[in-house]
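Peer 1: Take this structure first; my questions come after.
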Amino acid sequence: MILENKVDANIRCLALDNADKEVIDGLVESTVENFTRNLLLIGCIVHESHDWKEIESTQIKHFKNACEQQGVENYCLIVNDTYTQSVYKTELMPVFAINFFALDCCYRINYLDQKTNLSWNSKAEKPLLLTGKSEKINRIGLLALLKKENLLDDVIYSFFPSRSNLKETEKIYNQFLSFPFRKFCKKYKTSPDNVEVSDTENGSHYSGYPFDSDLYRNTLFSVISESNFESGVIWITEKTYKTIANRHPFVMAGQPYALQYLRKLGFHTFEEFCYVKDYDRILDNKQRLEAVLLNIKNLNKELRKNKTKVQQYVEENYNTLNMLFYRELAQVQYFNNKDFFHSFFKLNRIMN
């Protein structure tokens with residue numbers, strides 16, 4: 001397989017997330033019908049933290065076979081950065097691993113006119129807690145703990161209880177609070193920026209975009225309830241990168257060692273201002289969540305006391321995110337092709 005010097009080829013991006021064999025066959029066939037010469041097909045699997053060994057059997061092999069059946073000589077994959085943490089590596093085709101959610105965040109800001117907060121507001125009073133699917137301990141569990149401590153009124157938060165996950169949400173909620181769950185849902189359901197969240201039999205969903213930059217402008221720091229909370233492959237999504245893009249200090253309600261991962265990327269992670277400074281290394285989920293709660297309760301004072309340093313850190317984080325964008329793009333030579341560059345982000349854009 002010859003992939004060198006293909007920047008000027010007919011490069012076509014195929015979004016393969018959640019695609020089955022029939023869909024993959026159809027995508028490859030229809031693309032070949034339109035572009036028969038000098039064709040390079042790039043399959044993209046970027047949206048989830050995957051078991052890559054399983055993905056090879058369910059998607060990557062199908063993509064390879066479809067390309068061979070259609071006579072495509074040049075093909076490869078672009079995957080997300082969880083692939084780099086996996087011990088399993090495919091030998092079926094070349095693979096380029098990128099930090100998709102960081103790239104997607106910067107692309108929206110640079111090319112889709114997504115507005116961001118331009119400066120940290122050290123005079124703001126409340127933290128910001130934007131959740132998503134409620135049936136996670138670091139969402140409904142954290143909201144329940146804040147209610148238990150009579151702190152919900154001191155936080156700007158979102159809460160989207162979904163019909164499809166209500167039982168699982170209630171099960172987690174009951175581990176933390178005796179206040180009636182249905183009453184809690186009715187009283188505390190809220191969307192501070194009036195986003196539209198899909199609520200279907202497959203669950204609730206909100207891509208995180210577009211966001212209202214005023215939410216960050218009018219709050220002091222973010223409590224990031226990341227997609228994963230369990231130990232394992234570190235999975236950092238738009239929830240973190242849009243916080244950084246909006247120049248917010250933050251507490252991470254995420255996986256153990258998520259902050260360590262961010263520091264390796266060059267970001268400040270603000271533990272020095274926290275009451276429980278080592279909370280990123282706490283493996284027990286409930287204990288880590290309780291440490292997050294303590295940090296929420298105590299961070300206002302420390303951030304204001306150190307506002308010069310915090311201001312410096314949020315600006316450095318914003319600049320580091322932009323440098324990460326260009327560094328990640330440089331790893332994949334095909335992004336130099338303008339048409340492919342824009343089609344990649346359009347086809348892989350997660351919609352509400």
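Letters A, B, ... mark the chains of the structure tokens in the order given; residue numbers begin at 1 per chain; ligand numbers begin at 1, in order shown.
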Could you pull out the residues in range 94-125 of chain A that DSSP calls strand (DSSP E or B) from the backbone, as an MDAnalysis selection string?
Peer 2: chainID A and resid 95:98
Peer 1: Give me a file of those residues, with N, CA and C atoms, as a PDB file, in the first residue's frame.
Peer 2:
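Dumped everything to result_4.pdb:
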ATOM      1  N   VAL A  95      -2.599   3.610  10.365  1.00  0.00           N
ATOM      2  CA  VAL A  95      -3.516   4.267  11.286  1.00  0.00           C
ATOM      3  C   VAL A  95      -2.890   5.569  11.781  1.00  0.00           C
ATOM      4  N   PHE A  96      -3.686   6.633  11.750  1.00  0.00           N
ATOM      5  CA  PHE A  96      -3.277   7.913  12.310  1.00  0.00           C
ATOM      6  C   PHE A  96      -4.191   8.215  13.500  1.00  0.00           C
ATOM      7  N   ALA A  97      -3.595   8.407  14.681  1.00  0.00           N
ATOM      8  CA  ALA A  97      -4.370   8.688  15.895  1.00  0.00           C
ATOM      9  C   ALA A  97      -4.293  10.178  16.208  1.00  0.00           C
ATOM     10  N   ILE A  98      -5.455  10.790  16.438  1.00  0.00           N
ATOM     11  CA  ILE A  98      -5.518  12.216  16.723  1.00  0.00           C
ATOM     12  C   ILE A  98      -6.394  12.467  17.954  1.00  0.00           C
TER      13      ILE A  98
END
Peer 1: For Lys301 in chain A, list every protein, DNA or RNA residue within 12 Å, evaluated using only C-alpha atoms, and leave out those in the same chain fewer than 2 positions away; present the list as a VMD selection string.
Peer 2: chain A and resid 122 to 127 220 to 221 273 to 275 295 to 299 303 to 307
Peer 1: Taking the DSSP assignment computed from this structure's backbone, write out as number ranges by chain all residues of range 66-265 of chain A that belong to helix (DSSP H, G or I).
Peer 2: A: 66-69, 82-85, 100-111, 137-148, 152-154, 163-173, 181-188, 213-217, 238-245, 258-264
Peer 1: Contacts of Thr82 in chain A at 8 Å or less, counting only C-alpha atoms, minus same-chain residues fewer than 2 places along, as a count of residues only?
Peer 2: 9
Peer 1: Name the residues in contact with Glu68 in chain A at a cut-off of 12 Å, using only C-alpha atoms, excluding same-chain residues fewer than 5 positions from it; report them as a PyMOL selection string.
Peer 2: chain A and resi 1+25+28-29+32+41+61-63+73-75+92-93
Peer 1: Print the selection's residues with C-alpha atoms to a file, as a tab-separated table (two decimals), in the first residue's frame.
Peer 2:
chain	number	residue	atom	x	y	z
A	1	MET	CA	0.00	0.00	0.00
A	25	ASP	CA	-19.82	-1.53	1.72
A	28	VAL	CA	-16.99	2.58	-0.35
A	29	GLU	CA	-18.94	1.50	-3.44
A	32	VAL	CA	-15.56	4.60	-6.00
A	41	LEU	CA	-10.04	6.51	1.12
A	61	LYS	CA	-11.87	-5.55	8.55
A	62	HIS	CA	-15.07	-4.66	6.72
A	63	PHE	CA	-13.51	-1.41	5.53
A	73	GLU	CA	-5.31	0.53	-3.58
A	74	ASN	CA	-4.82	3.33	-1.07
A	75	TYR	CA	-6.73	3.43	2.19
A	92	LEU	CA	-4.52	-4.28	8.42
A	93	MET	CA	-3.72	-0.73	7.28
Peer 1: Just to confirm, what's the straight-line distance from CA of Phe267 in chain A to CA of Val292 in chain A in Å (one decimal)?
Peer 2: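 Taking CA of Phe267 in chain A as the start and CA of Val292 in chain A as the end point, the length is 19.1 Å.
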